[in-house]
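Student: This is run_33.cif, which holds mmCIF, C-alpha atoms and all ligand atoms:
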data_my_file
loop_
_atom_site.label_atom_id
_atom_site.label_comp_id
_atom_site.auth_asym_id
_atom_site.auth_seq_id
_atom_site.Cartn_x
_atom_site.Cartn_y
_atom_site.Cartn_z
CA MET A 223 -26.07 14.67 40.32
CA ASN A 224 -23.99 15.81 43.28
CA THR A 225 -24.53 19.16 44.97
CA LYS A 226 -21.40 20.66 43.48
CA LEU A 227 -22.53 19.94 39.92
CA LYS A 228 -25.97 21.31 40.78
CA TYR A 229 -24.29 24.47 42.00
CA PHE A 230 -22.22 24.76 38.78
CA LYS A 231 -25.38 24.15 36.76
CA LYS A 232 -27.05 27.06 38.51
CA ILE A 233 -24.06 29.35 37.87
CA LEU A 234 -24.24 28.61 34.13
CA ASN A 235 -28.04 28.88 33.97
CA ASP A 236 -27.96 32.20 35.80
CA ARG A 237 -25.66 33.57 33.12
CA GLY A 238 -27.65 32.19 30.25
CA ILE A 239 -25.10 29.52 29.33
CA LYS A 240 -26.59 26.10 28.55
CA PRO A 241 -25.07 23.75 31.14
CA THR A 242 -23.81 20.90 28.97
CA TYR A 243 -21.74 18.14 30.58
CA GLN A 244 -18.51 19.40 28.98
CA ARG A 245 -19.12 23.00 30.09
CA LEU A 246 -19.83 21.80 33.63
CA LYS A 247 -16.58 19.82 33.63
CA ILE A 248 -14.64 22.89 32.43
CA LEU A 249 -16.18 24.99 35.20
CA GLU A 250 -15.39 22.26 37.72
CA TYR A 251 -11.76 22.17 36.56
CA LEU A 252 -11.48 25.95 36.88
CA SER A 253 -12.89 25.90 40.41
CA LYS A 254 -10.40 23.21 41.45
CA ASN A 255 -7.43 24.94 39.81
CA MET A 256 -8.35 28.54 40.41
CA LYS A 257 -4.95 29.53 41.74
CA ASN A 258 -3.11 28.02 38.74
CA HIS A 259 -4.54 30.43 36.18
CA PRO A 260 -4.47 27.65 33.53
CA THR A 261 -4.22 28.05 29.75
CA VAL A 262 -6.78 26.56 27.36
CA GLU A 263 -4.26 23.81 26.55
CA MET A 264 -3.73 22.95 30.23
CA ILE A 265 -7.49 22.65 30.76
CA HIS A 266 -7.95 20.58 27.60
CA GLU A 267 -5.13 18.19 28.43
CA GLU A 268 -6.50 17.53 31.90
CA LEU A 269 -10.10 17.06 30.76
CA LEU A 270 -9.06 14.55 28.07
CA LYS A 271 -8.38 12.08 30.90
CA ASP A 272 -12.09 12.18 31.79
CA ILE A 273 -13.65 13.02 28.43
CA PRO A 274 -11.50 11.53 25.61
CA ILE A 275 -13.73 13.12 22.94
CA ILE A 276 -13.52 16.72 24.17
CA SER A 277 -11.91 18.98 21.55
CA LEU A 278 -9.62 21.93 22.08
CA THR A 279 -12.13 24.05 20.14
CA THR A 280 -14.90 23.16 22.60
CA VAL A 281 -12.74 24.17 25.54
CA TYR A 282 -11.71 27.36 23.76
CA ASN A 283 -15.29 28.29 22.79
CA THR A 284 -16.55 27.54 26.28
CA LEU A 285 -13.90 29.76 27.87
CA ASN A 286 -14.80 32.53 25.43
CA ALA A 287 -18.47 32.23 26.43
CA PHE A 288 -17.45 32.31 30.10
CA LEU A 289 -15.35 35.42 29.40
CA GLU A 290 -18.20 37.17 27.59
CA LYS A 291 -20.59 36.51 30.45
CA GLY A 292 -18.06 37.73 33.02
CA LEU A 293 -17.78 34.32 34.66
CA VAL A 294 -14.01 34.20 34.20
CA ASP A 295 -11.29 36.75 33.64
CA GLY A 296 -8.56 36.53 31.01
CA VAL A 297 -5.07 37.14 32.37
CA THR A 298 -2.58 38.10 29.65
CA ILE A 299 0.45 38.71 31.84
CA THR A 300 2.84 36.59 29.73
CA GLY A 301 1.96 38.52 26.56
CA THR A 302 1.77 35.32 24.51
CA GLU A 303 -1.23 33.49 25.95
CA THR A 304 -4.44 33.94 27.90
CA ARG A 305 -4.64 32.38 31.33
CA TYR A 306 -8.11 31.86 32.77
CA ASP A 307 -9.14 32.97 36.22
CA LEU A 308 -12.43 32.02 37.83
CA ASP A 309 -11.95 34.90 40.23
CA ALA A 310 -13.21 37.69 37.99
CA SER A 311 -12.96 40.36 40.67
CA SER A 312 -10.33 43.08 40.27
CA HIS A 313 -7.03 41.76 41.58
CA HIS A 314 -3.39 41.84 40.60
CA HIS A 315 -1.14 39.08 39.31
CA PHE A 316 2.50 38.16 39.69
CA LEU A 317 4.47 36.16 37.12
CA CYS A 318 7.62 34.37 38.26
CA LYS A 319 10.25 34.74 35.53
CA GLU A 320 12.06 31.70 36.93
CA CYS A 321 9.38 28.99 37.21
CA GLY A 322 6.64 30.63 35.16
CA LYS A 323 3.88 30.38 37.71
CA ILE A 324 1.23 33.07 37.98
CA ILE A 325 -0.15 33.89 41.39
CA ASP A 326 -2.56 36.43 42.82
CA ILE A 327 -0.67 39.17 44.61
CA GLU A 328 -2.11 41.48 47.20
CA VAL A 329 -0.87 45.01 46.82
CA PRO A 330 -2.63 48.06 48.20
CA CYS A 331 -4.63 49.46 45.30
CA ALA A 332 -7.44 51.94 45.67
CA PHE A 333 -8.64 51.11 42.15
CA ALA A 334 -8.82 47.33 42.64
CA GLU A 335 -10.64 47.89 45.92
CA GLY A 336 -13.13 50.15 44.19
CA GLU A 337 -12.31 53.18 46.35
CA LYS A 338 -11.15 55.18 43.36
CA THR A 339 -12.93 54.95 40.03
CA VAL A 340 -12.24 58.17 38.15
CA VAL A 341 -8.96 59.68 36.94
CA ARG A 342 -9.23 63.09 35.27
CA GLY A 343 -12.76 62.35 34.22
CA ASN A 344 -11.95 58.89 32.88
CA ARG A 345 -14.06 56.24 34.54
CA ILE A 346 -12.19 53.03 35.36
CA GLU A 347 -14.25 49.84 35.15
CA GLU A 348 -11.60 47.12 35.18
CA VAL A 349 -8.23 46.91 36.88
CA HIS A 350 -5.51 44.49 35.76
CA GLY A 351 -2.21 44.91 37.54
CA TYR A 352 0.70 42.78 36.34
CA PHE A 353 3.92 42.31 38.29
CA LYS A 354 6.89 40.21 37.23
CA GLY A 355 9.85 38.97 39.23
CA ILE A 356 11.13 35.95 41.14
CA CYS A 357 8.66 34.17 43.43
CA LYS A 358 9.32 33.32 47.07
CA GLU A 359 9.86 29.60 46.39
CA CYS A 360 12.42 30.28 43.66
CA THR A 361 14.18 32.85 45.84
CA ASP A 362 14.31 30.36 48.74
CA SER A 363 15.53 27.50 46.55
CA PHE A 364 18.23 29.76 45.12
CA LYS A 365 19.35 30.60 48.65
CA ASN A 366 19.40 26.89 49.56
CA LYS A 367 21.38 26.05 46.43
CA THR A 368 24.08 28.55 47.27
CA LYS A 369 24.16 27.32 50.89
CA LYS A 370 24.49 23.61 50.11
CA SER A 371 25.51 23.39 46.52
CA ASN A 372 25.91 19.60 46.64
CA ILE A 373 22.14 19.10 46.91
CA SER A 374 20.46 19.91 43.64
CA ARG A 375 16.81 20.71 43.83
CA SER A 376 15.04 20.31 40.54
CA LYS A 377 12.24 22.58 39.49
CA THR A 378 9.85 21.23 36.92
CA GLY A 379 8.66 24.60 35.75
CA GLN A 380 5.10 23.46 36.35
CA PRO A 381 3.15 25.79 38.58
CA ASN A 382 1.86 23.72 41.49
CA ARG A 383 -0.35 26.15 43.27
ZN ZN A 401 9.15 30.85 40.85
ZN ZN A 402 -6.04 35.62 39.76
#
Translate the structure of the given file into C-alpha cells.
Ligand SMILES: [Zn+2]
Ligand SMILES: [Zn+2]

Tutor:
Amino acid sequence: MNTKLKYFKKILNDRGIKPTYQRLKILEYLSKNMKNHPTVEMIHEELLKDIPIISLTTVYNTLNAFLEKGLVDGVTITGTETRYDLDASSHHHFLCKECGKIIDIEVPCAFAEGEKTVVRGNRIEEVHGYFKGICKECTDSFKNKTKKSNISRSKTGQPNR
C-alpha cells in the first residue's frame, strides 16, 4: 500500500470510519478534485472507471458518513444539489452563473476567520458564504469574443479547476 493510501486509511480510522477500499478511493478522489466541489454523481461516474461494481448508493452513503464525521463539508450553493468539499474549514464559495463552476473565494470575513463568534448572544459555529456571478475566465472570454468575434471559443460548461 502506498504512503498516500496509508495516510487516507489513518484519516478514516481516526474518525471511526472503517477504511474499506471503496471509501479510500472516494477519499482519494476528493483529495485530487478538492477545488472542483464535485457532486455525488460526478464522483460516482469517475470511480466507475476504476471500480466497475461501485454503486451510486455506496458513494452517497460514504459521503454522508464523511459529512457526519466532519471530514467533508456539503456546499449547497446551487440550491438543487450538494457539492462535496474536503476542505471542511469555514470558507466562502462563488458560483459562476455562466459556466457553473464553484470555486473558493477569499473575502474578508471575521466570522469565517473565527475572530467573531457571537451576534446578539447567538453563537455562530459554522459559516457558509455563497456568492454568485460571472467568473474571471468567463468575463475574459466574453471580452475576447467581443474583440475578435470571428474566433469562437467554446466552453464546455465543465468546471476544470
Ligand atoms: Zn465561468
Ligand atoms: Zn470550498

Student: With distances taken over all atoms listed in the file, which residue among A:Asn258, A:Glu348, A:Asp307, A:Lys247 lies nearest Asp272 of chain A?

Tutor: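 When distances to Asp272 of chain A are compared using all atoms listed in the file, the smallest one comes from A:Lys247.
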
Student: Distance atom CA of Lys338 of chain A-atom CA of Leu293 of chain A, one decimal place?

Tutor: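 These atoms are spaced 23.6 Å apart.
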
Student: So, with all atoms listed in the file as the atoms that count, which of A:Lys319, A:Phe364, A:Cys331, A:Gly343 lies closest to ligand ZN 401 (chain A)?

Tutor: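 The closest residue to ligand ZN 401 (chain A) is A:Lys319.
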
Student: Identify which of the residues A:Arg305, A:Lys291, A:Leu317, A:Glu337 lies closest to Ile265 of chain A, counting all atoms listed in the file when measuring atom-to-atom distances.

Tutor: A:Arg305

Student: Find the residues with any atom within 7 Å of (4.5, 36.9, 42.6); use only C-alpha atoms and the coordinates as given in the file, and write the answer as a list in words.

Tutor: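 Residues with an atom at most 7 Å from (4.5, 36.9, 42.6): His315, Phe316, Leu317, Cys318, Ile324, Ile325, Ile327, Phe353, Lys354, Gly355, Ile356 and Cys357 of chain A.
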
Student: So that I can check the surroundings of Tyr251 of chain A, please list as number ranges by chain every protein, DNA and RNA residue that reaches within 12 Å of it, counting all atoms listed in the file and ignoring chain neighbours fewer than 2 positions away.

Tutor: A: 226-227, 230, 244-249, 253-262, 264-270, 272, 281, 285, 306-308

Student: Atoms to include: C-alpha atoms. Write the selected residues as an mmCIF file, keeping the file's coordinate frame.

Tutor:
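Just written: out.cif:
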data_model
loop_
_atom_site.group_PDB
_atom_site.id
_atom_site.type_symbol
_atom_site.label_atom_id
_atom_site.label_comp_id
_atom_site.auth_asym_id
_atom_site.auth_seq_id
_atom_site.Cartn_x
_atom_site.Cartn_y
_atom_site.Cartn_z
ATOM 1 C CA LYS A 226 -21.400 20.660 43.480
ATOM 2 C CA LEU A 227 -22.530 19.940 39.920
ATOM 3 C CA PHE A 230 -22.220 24.760 38.780
ATOM 4 C CA GLN A 244 -18.510 19.400 28.980
ATOM 5 C CA ARG A 245 -19.120 23.000 30.090
ATOM 6 C CA LEU A 246 -19.830 21.800 33.630
ATOM 7 C CA LYS A 247 -16.580 19.820 33.630
ATOM 8 C CA ILE A 248 -14.640 22.890 32.430
ATOM 9 C CA LEU A 249 -16.180 24.990 35.200
ATOM 10 C CA SER A 253 -12.890 25.900 40.410
ATOM 11 C CA LYS A 254 -10.400 23.210 41.450
ATOM 12 C CA ASN A 255 -7.430 24.940 39.810
ATOM 13 C CA MET A 256 -8.350 28.540 40.410
ATOM 14 C CA LYS A 257 -4.950 29.530 41.740
ATOM 15 C CA ASN A 258 -3.110 28.020 38.740
ATOM 16 C CA HIS A 259 -4.540 30.430 36.180
ATOM 17 C CA PRO A 260 -4.470 27.650 33.530
ATOM 18 C CA THR A 261 -4.220 28.050 29.750
ATOM 19 C CA VAL A 262 -6.780 26.560 27.360
ATOM 20 C CA MET A 264 -3.730 22.950 30.230
ATOM 21 C CA ILE A 265 -7.490 22.650 30.760
ATOM 22 C CA HIS A 266 -7.950 20.580 27.600
ATOM 23 C CA GLU A 267 -5.130 18.190 28.430
ATOM 24 C CA GLU A 268 -6.500 17.530 31.900
ATOM 25 C CA LEU A 269 -10.100 17.060 30.760
ATOM 26 C CA LEU A 270 -9.060 14.550 28.070
ATOM 27 C CA ASP A 272 -12.090 12.180 31.790
ATOM 28 C CA VAL A 281 -12.740 24.170 25.540
ATOM 29 C CA LEU A 285 -13.900 29.760 27.870
ATOM 30 C CA TYR A 306 -8.110 31.860 32.770
ATOM 31 C CA ASP A 307 -9.140 32.970 36.220
ATOM 32 C CA LEU A 308 -12.430 32.020 37.830
#

Student: Pick the closest to ligand ZN 401 (chain A) from A:Asp295, A:Glu320, A:Glu290, A:Glu335: which is it, counting all atoms listed in the file?

Tutor: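 The closest residue to ligand ZN 401 (chain A) is A:Glu320.
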
Student: With distances taken over only C-alpha atoms and all ligand atoms, which of A:His313, A:Arg342, A:Lys231, A:Lys323 is nearest to ligand ZN 401 (chain A)?

Tutor: A:Lys323

Student: Just the number, please: distance in Å from atom CA of Val340 of chain A to atom CA of Val297 of chain A, one decimal.

Tutor: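 Going from atom CA of Val340 of chain A over to atom CA of Val297 of chain A, I get 23.0 Å.
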
Student: Please compute the atom CA of Arg237 of chain A-atom CA of Asp309 of chain A distance, one decimal, in Å.

Tutor: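 Rounded to one decimal, the two atoms are 15.5 Å apart.
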
Student: Identify which of the residues A:Ile276, A:Ala334, A:Ile346, A:Cys321 lies closest to ligand ZN 401 (chain A), counting all atoms listed in the file when measuring atom-to-atom distances.

Tutor: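 Closest residue, counting all atoms listed in the file: A:Cys321.
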
Student: Mind giving me the axis-aligned box for segment 255-260 of chain A with 8 Å on every side, centre plus edges in Å to one decimal, as JSON?

Tutor:
{"center_x": -5.7, "center_y": 27.7, "center_z": 37.6, "size_x": 21.2, "size_y": 21.5, "size_z": 24.2}

Student: Output as an mmCIF file, keeping the file's coordinate frame: segment 294-315 of chain A, completed with N, CA and C atoms.

Tutor:
data_model
loop_
_atom_site.group_PDB
_atom_site.id
_atom_site.type_symbol
_atom_site.label_atom_id
_atom_site.label_comp_id
_atom_site.auth_asym_id
_atom_site.auth_seq_id
_atom_site.Cartn_x
_atom_site.Cartn_y
_atom_site.Cartn_z
ATOM 1 N N VAL A 294 -15.450 34.303 33.987
ATOM 2 C CA VAL A 294 -14.010 34.200 34.200
ATOM 3 C C VAL A 294 -13.333 35.482 33.706
ATOM 4 N N ASP A 295 -12.083 35.620 34.084
ATOM 5 C CA ASP A 295 -11.290 36.750 33.640
ATOM 6 C C ASP A 295 -10.112 36.211 32.822
ATOM 7 N N GLY A 296 -9.708 36.947 31.794
ATOM 8 C CA GLY A 296 -8.560 36.530 31.010
ATOM 9 C C GLY A 296 -7.322 37.282 31.488
ATOM 10 N N VAL A 297 -6.307 36.538 31.887
ATOM 11 C CA VAL A 297 -5.070 37.140 32.370
ATOM 12 C C VAL A 297 -4.022 37.003 31.279
ATOM 13 N N THR A 298 -3.503 38.138 30.791
ATOM 14 C CA THR A 298 -2.580 38.100 29.650
ATOM 15 C C THR A 298 -1.185 38.549 30.046
ATOM 16 N N ILE A 299 -0.817 38.237 31.263
ATOM 17 C CA ILE A 299 0.450 38.710 31.840
ATOM 18 C C ILE A 299 1.684 38.259 31.051
ATOM 19 N N THR A 300 1.651 37.070 30.437
ATOM 20 C CA THR A 300 2.840 36.590 29.730
ATOM 21 C C THR A 300 2.996 37.279 28.375
ATOM 22 N N GLY A 301 1.897 37.838 27.848
ATOM 23 C CA GLY A 301 1.960 38.520 26.560
ATOM 24 C C GLY A 301 1.818 37.576 25.389
ATOM 25 N N THR A 302 1.850 36.273 25.622
ATOM 26 C CA THR A 302 1.770 35.320 24.510
ATOM 27 C C THR A 302 0.562 34.407 24.622
ATOM 28 N N GLU A 303 -0.115 34.405 25.766
ATOM 29 C CA GLU A 303 -1.230 33.490 25.950
ATOM 30 C C GLU A 303 -2.225 34.076 26.940
ATOM 31 N N THR A 304 -3.436 33.536 26.919
ATOM 32 C CA THR A 304 -4.440 33.940 27.900
ATOM 33 C C THR A 304 -4.519 32.868 28.970
ATOM 34 N N ARG A 305 -4.480 33.301 30.200
ATOM 35 C CA ARG A 305 -4.640 32.380 31.330
ATOM 36 C C ARG A 305 -6.003 32.685 31.915
ATOM 37 N N TYR A 306 -6.735 31.655 32.328
ATOM 38 C CA TYR A 306 -8.110 31.860 32.770
ATOM 39 C C TYR A 306 -8.217 31.832 34.295
ATOM 40 N N ASP A 307 -9.015 32.768 34.787
ATOM 41 C CA ASP A 307 -9.140 32.970 36.220
ATOM 42 C C ASP A 307 -10.613 33.006 36.582
ATOM 43 N N LEU A 308 -11.035 32.063 37.414
ATOM 44 C CA LEU A 308 -12.430 32.020 37.830
ATOM 45 C C LEU A 308 -12.765 33.171 38.774
ATOM 46 N N ASP A 309 -11.741 33.729 39.383
ATOM 47 C CA ASP A 309 -11.950 34.900 40.230
ATOM 48 C C ASP A 309 -11.931 36.137 39.332
ATOM 49 N N ALA A 310 -13.129 36.582 38.940
ATOM 50 C CA ALA A 310 -13.210 37.690 37.990
ATOM 51 C C ALA A 310 -13.221 39.050 38.668
ATOM 52 N N SER A 311 -13.015 39.069 39.976
ATOM 53 C CA SER A 311 -12.960 40.360 40.670
ATOM 54 C C SER A 311 -11.625 41.039 40.348
ATOM 55 N N SER A 312 -11.561 42.346 40.559
ATOM 56 C CA SER A 312 -10.330 43.080 40.270
ATOM 57 C C SER A 312 -9.238 42.661 41.245
ATOM 58 N N HIS A 313 -8.190 42.056 40.736
ATOM 59 C CA HIS A 313 -7.030 41.760 41.580
ATOM 60 C C HIS A 313 -5.790 41.683 40.705
ATOM 61 N N HIS A 314 -4.638 41.764 41.339
ATOM 62 C CA HIS A 314 -3.390 41.840 40.600
ATOM 63 C C HIS A 314 -2.675 40.492 40.538
ATOM 64 N N HIS A 315 -1.830 40.344 39.533
ATOM 65 C CA HIS A 315 -1.140 39.080 39.310
ATOM 66 C C HIS A 315 0.370 39.253 39.280
#
